[in-house]
Structure formats: C-alpha cells, structure tokens
Amino acid sequence: MSESIKDILNKTLVEIIGELAGDKFSSLPVDRCVFGPPKQPEHGDFATSAPLILTKPLGQPPFDLATRMAEAFEKSPIVARAEPARPGFVNLQLSPAGWAVILDAIATEGENFGTVTTGASRRVLLEFVSANPTGPMHLGHCRHAAVGDSLARIFSAAGYEVTKEFYINDAGVQIIALGESFRARCLAKLGDPLDLEAVQYPGEYLAEFAEDFVAGKDPALVRSHTVEDFSTEARGRNLDVIRQDLAALGVFFDHYQSEKELHDANLVTRTLESLESAGAVYEKDDALWLRTEDFGDDKDRVLRKGDGTVTYLVPDLAYHHYKFERGFDLYINLFGADHAGYPPRLRAGINALGHDASKLEVLLLRLVFLTKGGQRVKFSKRAGNFVAMSDVVAEAGSDATRWFMLARSMDSEFEFDMDLATDSSSNNPVYKVQYAHARVMTMMQKASEEAALLPELDSKEAAAALTAPIEKEIIVHLSKLPEIVERSAQERAVHHIPNYLLSLAELWNRYYSMGKTDPSFRILAEENRALAPARLRLADATRRVLANGLALMGISAPDSMTRQVSDEDE
RNA sequence: GUGCCCGUAGCUCAGCUGGAUAGAGCGUCGGCCUCCGGAGCCGAAGGUCAGAGGUUCGAAUCCUCUCGGGCACGCCA
C-alpha cells in the first residue's frame, strides 16, 4: 500500500506550517489543517483552509499566511499551481507528476487499492442478524445482513481482522413455544383439529415443515415425540432457511454460536455465579438484581426472577463472557434500534464479569419499510404476515437489494423502493454503477485487440497527456477511495461507499459520452491514437476503483451487462 | 415524563467531525440515437437546511430552547 496523494500533500503542509510557525508549532491545531476537495472546480484539485485556522494562534492575517504557504507549495513537484485565495484558502492544482502518483498507485495496488492500515490487524468480532430460529427472516434482517456483511468487508479493507458471528437464540421460552407450535401443526397434518392455542408462531412456514416432516412417517412415532423433539426439528429447519436466505444475498458467517451450547456447557450458571461472587448483584423482592445503574442504566435489572428462572439477560451475558474470553480487541453488535435500552445493562454485566466493556460497541439500525407502487407495504408480526427477506432478494436480486440497504445511514429509517430496485429500464443507481464498469471492460477488451497499434507511454507521459478538466476531475475522485474506506471504518458507516461510487460512475459516464458530441474525446478512435494509452490507463483505474468499491458492498462488478428484454411490455 | 434518533428540492436521502455560490438519485419539463454499449448524456424548473437564540472570521454542521415525527424506558425476548 502506497502513500495517497492527500497524505503527501498533508505531510508537506505540516512541514510548511512548521517553517512558518517556528517554536509556536507545537501549540497549533495542526490536525485540523488538511486538504480537502473544493466545491468549485475552479478552485483547483485540492484546497485547505489552514490559513484561516492558524490566523489567530499565529497572530497573522489569513491571506498573508495563504500567500506564503502557496509560495512554498509551488516548489513541490506534484503541484502545478498553488494560489492563495481570500479570505484564507490555499488552492492547489496537481501537476502531471501528481496525477501519475494516483494512477500508478491504482495500477500497482490493483484490487488492494483502497485498503488502509488504520486497523493495525486488530481483531474484531462482528455479531449481526442473529435472527431467532423461530421463523423466516424479514426485511429488517435483510438490512442487518447487508450492513453487517459490508461493514465486515470495510473493516477488512481498513486493516482489521474480522470474524462474522451469528448468535442462535435456541434456548428459552420462545424455543419451547416453537416446539409447541410445530407439534400442533404436525398433529393437524395427522388429522387432529388444529390446536390454535398452541400455535404461537402463526406463519404458514411451520405448516409446510409439518407436511414434509410427517410425510411417510408412522403417525404413532410422530405422536411419541416430545415438545423438545419438535422444537429441535423446527429449529433446524428454520436455521436451514435462514442460511439459504443469507446465501441468496451472498452473506456467509464465520461462526454460528448456539445459545443452547452455552447452557449445555454450564456457561450460563457459571456466569451467574461469577456475577454473584463479584458482588455485582443483590437480592430484593425475591429476585436477584444486577447493579446496572452504576453503568448509566436507568435502573438495576433483574437476573433471576421470583419464580427462580433467569431473565434473557443472563444467557446474553454468558454469551458475551464467552466472546470476551476469545480475546478480541473490539466487539461490535448490530442491533435493531428497538433494543436501544439494552447496551447499558450489557456493559454493566460485562464489566462485572471482569472485562473491559468499552471494547463493546453497539450499532443500532433503524427500521426499513417496503414500498411498492408508491404504497408502503403493510405487515404485522402478530398476524404472521411480513415482508420476507427471501421475497425481496428474489424480486430485486442480491446486487440491487444490497445497494439500497447500504445506501442509507444506519440511523435513519428509509423506504426500500421495490419499483426503483427492480427498474432495469431506467436509472437504477446500482445498474448505473455496474454499467459504468461494464462499459470500461468492453472498451478495454476492444483496445486489447488493437494493442499493437497503440504507442507506448510511461506513467508520467500518460498523465501529462490527460489535459481535459474532466480527466483531472476523475483522477482526483479516484484518489479518494482510501480515505472513504478509512472514514467508513472509523464511523462504522457503510453508506459513503455507494454515494462515492455513484458520483464516480456519473463522472465516468459523462466523460465517456463526451465522445458522442466531440470526436476528440473518443478514446479508441484512430485519430486519437496518440492519447489512447493515457486514456486507457485512466479507464483501467476507473474500473478498478468501481470494482473495488462494489466489492466492499458485496455487489458484483460485471464485465458486461445482459440486457433484460421485456417483450411483454410492448 | 426521561433518554436516543430523525426533520435539507415534489419523493427517497447525502452533505466528509465548522469553510468559498446547498448536493445526488428518482420524478417533472425540454433536447441528443450514422456513435468505443441509449441500462447513457446535456439542459431547465425546484430550498426560509423545521423554528428561535447562542458560540466565531464563518453554522445545514457545534451548544441551548421550542415545534413536529419515530423508538426505547418489564421479574418479555
């Protein structure tokens, strides 16, 4: 991994500030003095407001500082022009040597371009989805799956070592309820009247499992099964469906952790004992309480109820105890926003168990709604009807589903617009990005067929040949992928990637289309042969960045797009 | 009532830890098919950044309050 152009500029900036400031340097807010993209293209390729930030601590007028900084930057070989601007900015234009740095980095790093080392190989345990094995997954799980998986990819790219884990809630009252529901369904298949009271999970899926399970079996054998047997059977089938649904989205976990196994290994009772011996609990009103208030919780929480059974908090703490014993540097949980009250008590327990709870981060994802035909699709958990994840993925496809699930920040609710997601005849953003990639690929293919006709250029000559403003704009945009990755990892936010890719695709499509009205922009045209190698380097860099970015989202970067023909729509 | 999140174009949403004239997609309207792929491109219309104060050279961004909307506040999971 090489140094990004921005790193080089920022390093130079710090050196220049050091010369200007002398012994005042150590007291300056140098961290804030960085280069960024100016909003107006006429302000150059990079700009910094460092003079405005430093004017007060240095006691010098901002424009004077800007002028002296610009003079210093003029000496840099990667800078073509440096200009002070009022009230106190420095605007830079890169030289061909500067562009070559960017294009070379992309070419040599290939699929690794965009990776950074901020993670320093720290180990991260990322837990997400963890859907109960009591039924199929819905739209919300789909968002969690897409976001969690993409986050894992981003963290890997940022230099972390990530383990993806799915926690199976296969113990406790709900799993018994599942067994009872499934048993009632099976008995109904044998001819018994359906015991509506026993059916606590009303969806049709259990009836379908029952049909399959009962088929060809001796009814007496079926009747002899215990609730636990039915529970285990239904759990397994649900889990199979969950894995299938995840696979359809291309999401695979490194580890599935069963709650039941924690019980079987006595980890749950041992955890309770640990909490007791740590003095983190007390008895009141026949119940055992955990002191969570000391950790920012509103009130203390019950661990063991008056009836002697434990609350769900205990196995969850056992699970986290087990997580921490495996020795990761960072633990990230993706929860639904309806669990917002949960993290404080989790932290309290983790601390009481002797772990550093500050290593646990809980990310809260808000709801997602499905709209079709401009109408929000209604669903109700109670009635057992919901928007199934498998239906969404089947209808929109994995790529489009992921795109829309990732394109919004986690803490905003959003509408998954099925009409837009399935729109292949108009401007669906995911297709636009994939199309830009496919477009470059076919062009490269064509270029390779006439490679012998093209002159050879070294990278600096190539960069110097790219003189059009839009070509520079693309290069500068390409250079940003590493910082987008770094920022995404740091903020634990996935939506910057699609935003970035969309703007890059639009930039490229605009550039590509310029050849239609202005023949001098036709990359492979015979009369432009002298420029072709340079432009092909740019094209290659662009498709590389598009592909790397799509990979961070788990979306394919196709070599060609197969047009979907819709004859029936006249 | 308390805590968290949200409020930016007709709609869905970005806005990079405070920077220069407020952004994208979709939708609407108007253009562009002898073309390295039209699943594309160009242009136009569209904004009191919910509101009011404050912080400072400078605020959509940070602080306070108000108004709207969502979620959470169990010996449920």
# chains A, B, ... in the order shown; residues from 1 in each chain; ligands from 1
call {"tool": "residues_around", "arguments": {"residues": "A9 of chain B", "least_positions_apart": "6", "cutoff": "12 Å", "atoms": "only C-alpha atoms (C1' of nucleotides)", "output": "MDAnalysis selection string"}}
result
chainID B and resid 22:27 45:47 49
call {"tool": "write_last_selection", "arguments": {"atoms": "N, CA, C and O atoms (P, O5', C5', C4', C3', O3' and C1' of nucleotides)", "output": "JSON list (two decimals), in the first residue's frame"}}
result
[["chain", "number", "residue", "atom", "x", "y", "z"],
["B", 22, "A", "P", -25.37, 28.78, -1.62],
["B", 22, "A", "O5'", -25.32, 27.20, -1.66],
["B", 22, "A", "C5'", -24.33, 26.49, -0.94],
["B", 22, "A", "C4'", -24.56, 25.01, -1.08],
["B", 22, "A", "C3'", -25.04, 24.64, -2.49],
["B", 22, "A", "O3'", -24.45, 23.39, -2.85],
["B", 22, "A", "C1'", -26.65, 23.99, -0.88],
["B", 23, "G", "P", -23.93, 23.32, -4.37],
["B", 23, "G", "O5'", -23.88, 21.76, -4.65],
["B", 23, "G", "C5'", -25.00, 21.11, -5.21],
["B", 23, "G", "C4'", -24.90, 19.66, -4.87],
["B", 23, "G", "C3'", -25.86, 18.76, -5.61],
["B", 23, "G", "O3'", -25.37, 18.45, -6.89],
["B", 23, "G", "C1'", -25.87, 18.23, -3.32],
["B", 24, "A", "P", -26.43, 18.03, -8.03],
["B", 24, "A", "O5'", -26.62, 16.48, -7.73],
["B", 24, "A", "C5'", -25.50, 15.61, -7.78],
["B", 24, "A", "C4'", -25.90, 14.23, -7.33],
["B", 24, "A", "C3'", -27.14, 13.66, -8.00],
["B", 24, "A", "O3'", -26.85, 13.11, -9.27],
["B", 24, "A", "C1'", -27.29, 13.32, -5.66],
["B", 25, "G", "P", -27.98, 13.04, -10.35],
["B", 25, "G", "O5'", -28.88, 11.85, -9.83],
["B", 25, "G", "C5'", -28.37, 10.52, -9.78],
["B", 25, "G", "C4'", -29.36, 9.62, -9.08],
["B", 25, "G", "C3'", -30.77, 9.65, -9.66],
["B", 25, "G", "O3'", -30.89, 8.81, -10.79],
["B", 25, "G", "C1'", -30.88, 9.89, -7.32],
["B", 26, "C", "P", -31.82, 9.25, -11.98],
["B", 26, "C", "O5'", -33.27, 9.04, -11.37],
["B", 26, "C", "C5'", -33.71, 7.76, -10.95],
["B", 26, "C", "C4'", -34.99, 7.87, -10.14],
["B", 26, "C", "C3'", -36.12, 8.61, -10.83],
["B", 26, "C", "O3'", -36.84, 7.78, -11.75],
["B", 26, "C", "C1'", -35.90, 9.41, -8.63],
["B", 27, "G", "P", -37.36, 8.43, -13.10],
["B", 27, "G", "O5'", -38.44, 9.47, -12.55],
["B", 27, "G", "C5'", -39.62, 9.01, -11.91],
["B", 27, "G", "C4'", -40.43, 10.18, -11.44],
["B", 27, "G", "C3'", -40.73, 11.24, -12.49],
["B", 27, "G", "O3'", -41.82, 10.88, -13.31],
["B", 27, "G", "C1'", -39.97, 12.30, -10.52],
["B", 45, "A", "P", -33.33, 27.07, -14.01],
["B", 45, "A", "O5'", -34.75, 26.65, -13.42],
["B", 45, "A", "C5'", -35.95, 27.25, -13.92],
["B", 45, "A", "C4'", -37.13, 26.43, -13.49],
["B", 45, "A", "C3'", -37.25, 26.21, -11.99],
["B", 45, "A", "O3'", -37.86, 27.31, -11.34],
["B", 45, "A", "C1'", -37.54, 24.16, -13.10],
["B", 46, "G", "P", -37.21, 27.87, -10.00],
["B", 46, "G", "O5'", -37.47, 26.71, -8.95],
["B", 46, "G", "C5'", -38.80, 26.32, -8.60],
["B", 46, "G", "C4'", -38.78, 25.01, -7.88],
["B", 46, "G", "C3'", -37.92, 24.99, -6.63],
["B", 46, "G", "O3'", -38.61, 25.51, -5.50],
["B", 46, "G", "C1'", -37.48, 23.07, -7.94],
["B", 47, "G", "P", -37.93, 26.66, -4.65],
["B", 47, "G", "O5'", -38.12, 26.07, -3.18],
["B", 47, "G", "C5'", -37.45, 24.90, -2.80],
["B", 47, "G", "C4'", -36.91, 25.02, -1.40],
["B", 47, "G", "C3'", -36.71, 26.44, -0.89],
["B", 47, "G", "O3'", -37.06, 26.53, 0.48],
["B", 47, "G", "C1'", -34.63, 25.30, -0.95],
["B", 49, "C", "P", -32.92, 27.90, 5.13],
["B", 49, "C", "O5'", -33.46, 26.41, 5.04],
["B", 49, "C", "C5'", -33.88, 25.71, 6.20],
["B", 49, "C", "C4'", -33.52, 24.26, 6.08],
["B", 49, "C", "C3'", -32.92, 23.67, 7.35],
["B", 49, "C", "O3'", -33.41, 22.36, 7.52],
["B", 49, "C", "C1'", -31.44, 23.35, 5.55]]
call {"tool": "residues_around", "arguments": {"residues": "G19 of chain B", "least_positions_apart": "5", "cutoff": "9 Å", "atoms": "only C-alpha atoms (C1' of nucleotides)", "output": "PyMOL selection string"}}
result
(chain A and resi 48-49+52) or (chain B and resi 58)
call {"tool": "interface_residues", "arguments": {"of": "chain B", "to": "chain A", "cutoff": "12 Å", "atoms": "only C-alpha atoms (C1' of nucleotides)", "output": "CSV table (one decimal) with N, CA and C atoms (P, O5', C5', C4', C3', O3' and C1' of nucleotides), in the first residue's frame"}}
result
chain,number,residue,atom,x,y,z
B,2,U,P,-39.0,15.7,30.7
B,2,U,O5',-38.1,14.3,30.8
B,2,U,C5',-37.2,14.2,31.9
B,2,U,C4',-36.5,12.9,31.8
B,2,U,C3',-35.7,12.7,30.5
B,2,U,O3',-34.4,13.4,30.6
B,2,U,C1',-36.9,10.8,30.8
B,3,G,P,-33.7,14.0,29.3
B,3,G,O5',-33.2,12.6,28.5
B,3,G,C5',-32.1,11.9,29.1
B,3,G,C4',-31.9,10.6,28.3
B,3,G,C3',-31.6,10.8,26.9
B,3,G,O3',-30.3,11.2,26.6
B,3,G,C1',-33.2,9.1,27.2
B,4,C,P,-30.0,12.0,25.2
B,4,C,O5',-30.1,10.9,24.1
B,4,C,C5',-29.2,9.9,23.9
B,4,C,C4',-29.7,9.0,22.8
B,4,C,C3',-29.9,9.6,21.4
B,4,C,O3',-28.7,9.8,20.7
B,4,C,C1',-31.7,8.2,22.0
B,5,C,P,-28.6,10.9,19.6
B,5,C,O5',-29.6,10.4,18.5
B,5,C,C5',-29.2,9.3,17.7
B,5,C,C4',-30.3,9.0,16.7
B,5,C,C3',-30.7,10.1,15.8
B,5,C,O3',-29.8,10.3,14.7
B,5,C,C1',-32.7,9.1,16.6
B,6,C,P,-29.6,11.7,14.1
B,6,C,O5',-31.0,12.0,13.3
B,6,C,C5',-31.3,11.2,12.2
B,6,C,C4',-32.7,11.4,11.7
B,6,C,C3',-33.0,12.8,11.3
B,6,C,O3',-32.6,13.1,10.0
B,6,C,C1',-34.7,12.0,12.7
B,7,G,P,-32.2,14.6,9.7
B,7,G,O5',-33.6,15.3,9.4
B,7,G,C5',-34.5,14.7,8.6
B,7,G,C4',-35.8,15.5,8.6
B,7,G,C3',-35.7,17.0,8.2
B,7,G,O3',-36.8,17.4,7.4
B,7,G,C1',-36.6,16.9,10.4
B,11,C,P,-42.2,16.1,-0.6
B,11,C,O5',-41.8,14.7,-1.2
B,11,C,C5',-42.8,13.7,-1.3
B,11,C,C4',-42.2,12.4,-1.9
B,11,C,C3',-41.0,11.9,-1.0
B,11,C,O3',-41.4,11.1,0.1
B,11,C,C1',-40.4,12.0,-3.3
B,12,U,P,-40.5,11.0,1.3
B,12,U,O5',-39.2,10.2,0.8
B,12,U,C5',-39.4,8.8,0.4
B,12,U,C4',-38.0,8.3,0.0
B,12,U,C3',-36.9,8.5,1.0
B,12,U,O3',-36.9,7.6,2.1
B,12,U,C1',-36.1,9.0,-1.2
B,13,C,P,-36.2,8.0,3.4
B,13,C,O5',-34.7,8.1,3.0
B,13,C,C5',-33.8,9.0,3.5
B,13,C,C4',-32.6,9.2,2.6
B,13,C,C3',-31.4,9.9,3.2
B,13,C,O3',-30.6,9.0,4.0
B,13,C,C1',-31.9,10.7,1.0
B,14,A,P,-29.5,9.6,4.9
B,14,A,O5',-28.4,9.9,3.8
B,14,A,C5',-27.6,11.1,4.0
B,14,A,C4',-26.6,11.1,2.9
B,14,A,C3',-25.4,12.0,3.2
B,14,A,O3',-24.4,11.3,4.0
B,14,A,C1',-26.2,12.5,1.1
B,15,G,P,-24.0,11.9,5.3
B,15,G,O5',-23.4,13.3,4.9
B,15,G,C5',-22.3,13.4,4.0
B,15,G,C4',-22.1,14.8,3.5
B,15,G,C3',-22.0,15.9,4.6
B,15,G,O3',-20.7,16.0,5.1
B,15,G,C1',-23.6,16.6,3.0
B,16,C,P,-20.5,16.5,6.6
B,16,C,O5',-19.0,16.1,6.9
B,16,C,C5',-18.8,14.8,7.4
B,16,C,C4',-17.6,14.2,6.7
B,16,C,C3',-16.3,14.9,6.7
B,16,C,O3',-15.6,14.9,8.0
B,16,C,C1',-16.6,14.1,4.6
B,17,U,P,-14.3,15.8,8.0
B,17,U,O5',-13.8,15.8,9.5
B,17,U,C5',-13.8,16.9,10.3
B,17,U,C4',-15.2,17.2,10.8
B,17,U,C3',-15.2,18.0,12.1
B,17,U,O3',-16.4,18.8,12.2
B,17,U,C1',-16.1,15.9,12.5
B,18,G,P,-16.4,20.0,13.2
B,18,G,O5',-16.9,21.2,12.4
B,18,G,C5',-17.9,21.1,11.4
B,18,G,C4',-17.9,22.3,10.5
B,18,G,C3',-16.6,22.5,9.9
B,18,G,O3',-16.8,23.2,8.6
B,18,G,C1',-17.2,24.4,11.2
B,19,G,P,-16.8,22.4,7.3
B,19,G,O5',-17.5,23.5,6.4
B,19,G,C5',-17.2,23.7,5.0
B,19,G,C4',-17.0,25.1,4.7
B,19,G,C3',-16.2,25.4,3.4
B,19,G,O3',-16.8,26.5,2.8
B,19,G,C1',-15.2,26.5,5.2
B,20,A,P,-18.1,26.1,1.8
B,20,A,O5',-18.2,27.5,1.1
B,20,A,C5',-18.2,28.7,1.8
B,20,A,C4',-17.7,29.8,0.9
B,20,A,C3',-18.2,29.7,-0.5
B,20,A,O3',-18.3,31.1,-1.0
B,20,A,C1',-15.8,29.5,-0.6
B,21,U,P,-19.7,31.9,-0.7
B,21,U,O5',-20.8,31.3,-1.7
B,21,U,C5',-22.1,31.8,-1.6
B,21,U,C4',-23.0,31.1,-2.6
B,21,U,C3',-23.0,29.5,-2.4
B,21,U,O3',-24.3,29.1,-2.8
B,21,U,C1',-22.3,30.1,-4.6
B,22,A,P,-25.4,28.8,-1.6
B,22,A,O5',-25.3,27.2,-1.7
B,22,A,C5',-24.3,26.5,-0.9
B,22,A,C4',-24.6,25.0,-1.1
B,22,A,C3',-25.0,24.6,-2.5
B,22,A,O3',-24.5,23.4,-2.9
B,22,A,C1',-26.7,24.0,-0.9
B,23,G,P,-23.9,23.3,-4.4
B,23,G,O5',-23.9,21.8,-4.7
B,23,G,C5',-25.0,21.1,-5.2
B,23,G,C4',-24.9,19.7,-4.9
B,23,G,C3',-25.9,18.8,-5.6
B,23,G,O3',-25.4,18.4,-6.9
B,23,G,C1',-25.9,18.2,-3.3
B,24,A,P,-26.4,18.0,-8.0
B,24,A,O5',-26.6,16.5,-7.7
B,24,A,C5',-25.5,15.6,-7.8
B,24,A,C4',-25.9,14.2,-7.3
B,24,A,C3',-27.1,13.7,-8.0
B,24,A,O3',-26.8,13.1,-9.3
B,24,A,C1',-27.3,13.3,-5.7
B,25,G,P,-28.0,13.0,-10.4
B,25,G,O5',-28.9,11.8,-9.8
B,25,G,C5',-28.4,10.5,-9.8
B,25,G,C4',-29.4,9.6,-9.1
B,25,G,C3',-30.8,9.6,-9.7
B,25,G,O3',-30.9,8.8,-10.8
B,25,G,C1',-30.9,9.9,-7.3
B,26,C,P,-31.8,9.2,-12.0
B,26,C,O5',-33.3,9.0,-11.4
B,26,C,C5',-33.7,7.8,-10.9
B,26,C,C4',-35.0,7.9,-10.1
B,26,C,C3',-36.1,8.6,-10.8
B,26,C,O3',-36.8,7.8,-11.7
B,26,C,C1',-35.9,9.4,-8.6
B,27,G,P,-37.4,8.4,-13.1
B,27,G,O5',-38.4,9.5,-12.6
B,27,G,C5',-39.6,9.0,-11.9
B,27,G,C4',-40.4,10.2,-11.4
B,27,G,C3',-40.7,11.2,-12.5
B,27,G,O3',-41.8,10.9,-13.3
B,27,G,C1',-40.0,12.3,-10.5
B,32,C,P,-33.6,16.6,-30.5
B,32,C,O5',-32.2,15.9,-30.3
B,32,C,C5',-31.0,16.6,-30.4
B,32,C,C4',-29.9,15.7,-29.9
B,32,C,C3',-29.8,14.3,-30.4
B,32,C,O3',-29.2,14.2,-31.7
B,32,C,C1',-29.4,14.4,-28.0
B,33,C,P,-30.0,13.4,-32.7
B,33,C,O5',-29.6,11.9,-32.3
B,33,C,C5',-29.8,10.8,-33.2
B,33,C,C4',-29.1,9.6,-32.7
B,33,C,C3',-29.2,8.4,-33.7
B,33,C,O3',-28.1,8.5,-34.6
B,33,C,C1',-29.6,7.7,-31.5
B,34,U,P,-28.4,9.3,-36.0
B,34,U,O5',-27.5,8.3,-36.9
B,34,U,C5',-26.7,7.4,-36.2
B,34,U,C4',-26.1,6.5,-37.2
B,34,U,C3',-24.6,6.2,-36.8
B,34,U,O3',-24.3,4.9,-37.1
B,34,U,C1',-24.7,7.3,-38.9
B,35,C,P,-23.3,4.2,-36.1
B,35,C,O5',-22.7,5.4,-35.2
B,35,C,C5',-21.4,5.9,-35.3
B,35,C,C4',-20.7,6.1,-34.0
B,35,C,C3',-20.8,4.9,-33.0
B,35,C,O3',-19.6,4.8,-32.3
B,35,C,C1',-21.8,6.9,-32.1
B,36,C,P,-18.9,3.5,-32.7
B,36,C,O5',-18.1,3.2,-31.3
B,36,C,C5',-17.2,2.1,-31.4
B,36,C,C4',-16.6,1.8,-30.0
B,36,C,C3',-17.6,1.6,-28.9
B,36,C,O3',-18.2,0.3,-28.9
B,36,C,C1',-15.6,2.7,-28.2
B,37,G,P,-18.9,-0.3,-27.6
B,37,G,O5',-20.1,0.6,-27.2
B,37,G,C5',-21.1,1.0,-28.1
B,37,G,C4',-22.4,0.9,-27.4
B,37,G,C3',-22.7,1.9,-26.3
B,37,G,O3',-24.0,2.3,-26.4
B,37,G,C1',-23.0,-0.3,-25.5
B,38,G,P,-24.4,3.8,-26.3
B,38,G,O5',-25.9,3.7,-25.7
B,38,G,C5',-26.1,3.4,-24.3
B,38,G,C4',-27.6,3.5,-24.0
B,38,G,C3',-28.4,2.7,-25.0
B,38,G,O3',-29.6,2.3,-24.3
B,38,G,C1',-29.0,5.0,-25.2
B,39,A,P,-29.5,1.0,-23.4
B,39,A,O5',-29.4,1.6,-21.9
B,39,A,C5',-30.5,2.3,-21.3
B,39,A,C4',-30.4,2.2,-19.9
B,39,A,C3',-29.1,2.7,-19.3
B,39,A,O3',-29.3,3.1,-18.0
B,39,A,C1',-29.3,0.4,-18.8
B,40,G,P,-29.3,4.6,-17.7
B,40,G,O5',-28.2,5.2,-18.6
B,40,G,C5',-26.8,5.0,-18.3
B,40,G,C4',-26.0,5.8,-19.3
B,40,G,C3',-26.1,7.3,-19.3
B,40,G,O3',-25.2,7.9,-18.3
B,40,G,C1',-26.4,6.5,-21.5
B,41,C,P,-25.6,9.2,-17.6
B,41,C,O5',-25.3,10.2,-18.7
B,41,C,C5',-24.0,10.5,-19.2
B,41,C,C4',-24.1,11.5,-20.3
B,41,C,C3',-24.6,12.8,-20.0
B,41,C,O3',-23.7,13.6,-19.4
B,41,C,C1',-25.6,12.1,-22.0
B,42,C,P,-24.1,14.7,-18.3
B,42,C,O5',-24.8,15.9,-19.2
B,42,C,C5',-23.9,16.5,-20.2
B,42,C,C4',-24.7,17.5,-21.0
B,42,C,C3',-25.6,18.4,-20.2
B,42,C,O3',-24.9,19.5,-19.7
B,42,C,C1',-26.9,17.5,-21.9
B,56,U,P,-17.5,33.7,20.4
B,56,U,O5',-17.3,32.9,19.1
B,56,U,C5',-16.1,32.1,19.0
B,56,U,C4',-15.5,32.3,17.6
B,56,U,C3',-15.2,33.8,17.3
B,56,U,O3',-14.1,33.9,16.4
B,56,U,C1',-16.8,33.0,15.8
B,57,C,P,-13.6,35.4,15.9
B,57,C,O5',-14.2,35.6,14.5
B,57,C,C5',-14.4,36.9,14.0
B,57,C,C4',-14.6,36.9,12.5
B,57,C,C3',-15.7,35.9,12.0
B,57,C,O3',-16.9,36.6,12.0
B,57,C,C1',-13.7,35.5,10.8
B,58,G,P,-18.2,35.8,12.6
B,58,G,O5',-18.4,34.6,11.5
B,58,G,C5',-18.8,34.9,10.2
B,58,G,C4',-18.9,33.6,9.4
B,58,G,C3',-19.5,32.4,10.1
B,58,G,O3',-20.9,32.5,10.4
B,58,G,C1',-17.5,31.7,9.0
B,69,G,P,-46.6,14.8,15.8
B,69,G,O5',-45.7,13.6,15.2
B,69,G,C5',-45.8,13.3,13.9
B,69,G,C4',-44.6,12.5,13.5
B,69,G,C3',-44.2,11.3,14.3
B,69,G,O3',-45.0,10.2,14.1
B,69,G,C1',-42.2,12.5,13.8
B,70,G,P,-45.2,9.2,15.3
B,70,G,O5',-43.9,8.3,15.3
B,70,G,C5',-43.5,7.6,14.2
B,70,G,C4',-42.1,7.0,14.3
B,70,G,C3',-41.9,6.2,15.6
B,70,G,O3',-42.4,4.9,15.4
B,70,G,C1',-40.1,7.7,15.3
B,71,C,P,-42.9,4.1,16.7
B,71,C,O5',-41.6,3.7,17.5
B,71,C,C5',-40.6,2.9,16.9
B,71,C,C4',-39.4,2.9,17.7
B,71,C,C3',-39.5,2.5,19.2
B,71,C,O3',-39.7,1.1,19.4
B,71,C,C1',-38.1,4.3,19.0
B,72,A,P,-40.4,0.5,20.7
B,72,A,O5',-39.4,0.8,21.8
B,72,A,C5',-38.1,0.2,21.8
B,72,A,C4',-37.2,0.7,22.9
B,72,A,C3',-37.8,0.6,24.3
B,72,A,O3',-37.6,-0.7,24.8
B,72,A,C1',-36.9,2.8,24.0
B,73,C,P,-38.6,-1.2,26.0
B,73,C,O5',-37.8,-0.6,27.2
B,73,C,C5',-38.4,-0.4,28.5
B,73,C,C4',-37.8,0.7,29.3
B,73,C,C3',-38.7,1.2,30.4
B,73,C,O3',-38.5,0.4,31.6
B,73,C,C1',-38.0,3.0,29.1
B,74,G,P,-39.6,-0.5,32.1
B,74,G,O5',-38.5,-1.6,32.7
B,74,G,C5',-38.5,-2.9,32.4
B,74,G,C4',-39.4,-3.7,33.3
B,74,G,C3',-38.8,-5.1,33.3
B,74,G,O3',-39.2,-5.8,34.5
B,74,G,C1',-40.9,-5.1,32.2
B,75,C,P,-39.0,-5.6,35.8
B,75,C,O5',-38.7,-7.1,36.2
B,75,C,C5',-37.9,-7.9,35.3
B,75,C,C4',-38.4,-9.3,35.5
B,75,C,C3',-39.8,-9.6,35.2
B,75,C,O3',-39.9,-10.9,34.6
B,75,C,C1',-39.3,-10.2,37.4
B,76,C,P,-41.0,-11.1,33.5
B,76,C,O5',-40.7,-10.2,32.2
B,76,C,C5',-39.7,-10.6,31.3
B,76,C,C4',-40.3,-11.1,30.0
B,76,C,C3',-39.4,-11.6,29.0
B,76,C,O3',-39.0,-12.9,29.3
B,76,C,C1',-40.9,-10.1,28.0
B,77,A,P,-37.5,-13.3,29.3
B,77,A,O5',-37.1,-13.3,27.8
B,77,A,C5',-37.7,-14.3,26.9
B,77,A,C4',-37.4,-13.9,25.5
B,77,A,C3',-35.9,-13.7,25.2
B,77,A,O3',-35.3,-14.9,24.8
B,77,A,C1',-37.1,-11.8,24.4
call {"tool": "residues_around", "arguments": {"residues": "segment 20-29 of chain A", "least_positions_apart": "3", "cutoff": "9 Å", "atoms": "only C-alpha atoms (C1' of nucleotides)", "output": "list in words"}}
result
Glu15, Ile16, Ile17, Arg32, Cys33, Ile53, Leu54, Pro57, Leu58, Leu65, Arg68 and Met69 of chain A
call {"tool": "select_by_dssp", "arguments": {"residues": "segment 208-334 of chain A", "states": "strand (DSSP E or B)", "output": "ChimeraX atom specification"}}
result
/A:255-258,281-284,287-290,301-304,310,330-334
call {"tool": "select_by_dssp", "arguments": {"residues": "segment 398-476 of chain A", "states": "alpha helix (DSSP H)", "output": "PyMOL selection string"}}
result
chain A and resi 398-406+418-421+429-449+459-465+469-476
call {"tool": "residues_around", "arguments": {"residues": "Leu406 of chain A", "least_positions_apart": "2", "cutoff": "7 Å", "atoms": "only C-alpha atoms (C1' of nucleotides)", "output": "list in words"}}
result
Ala146, Val147, Arg402, Trp403, Phe404, Arg408, Val494 and His495 of chain A
call {"tool": "residues_around", "arguments": {"residues": "Ala105 of chain A", "least_positions_apart": "6", "cutoff": "12 Å", "atoms": "only C-alpha atoms (C1' of nucleotides)", "output": "list in words"}}
result
Met1, Ser2, Glu3, Ser4, Ile5, Gly98, Trp99, Glu111, Asn112, Phe113, Gly114, Thr115, Ser459, Ile475, Leu478, Ser479, Lys480, Leu481, Pro482, Arg537, Leu538, Ala541, Arg544 and Val545 of chain A
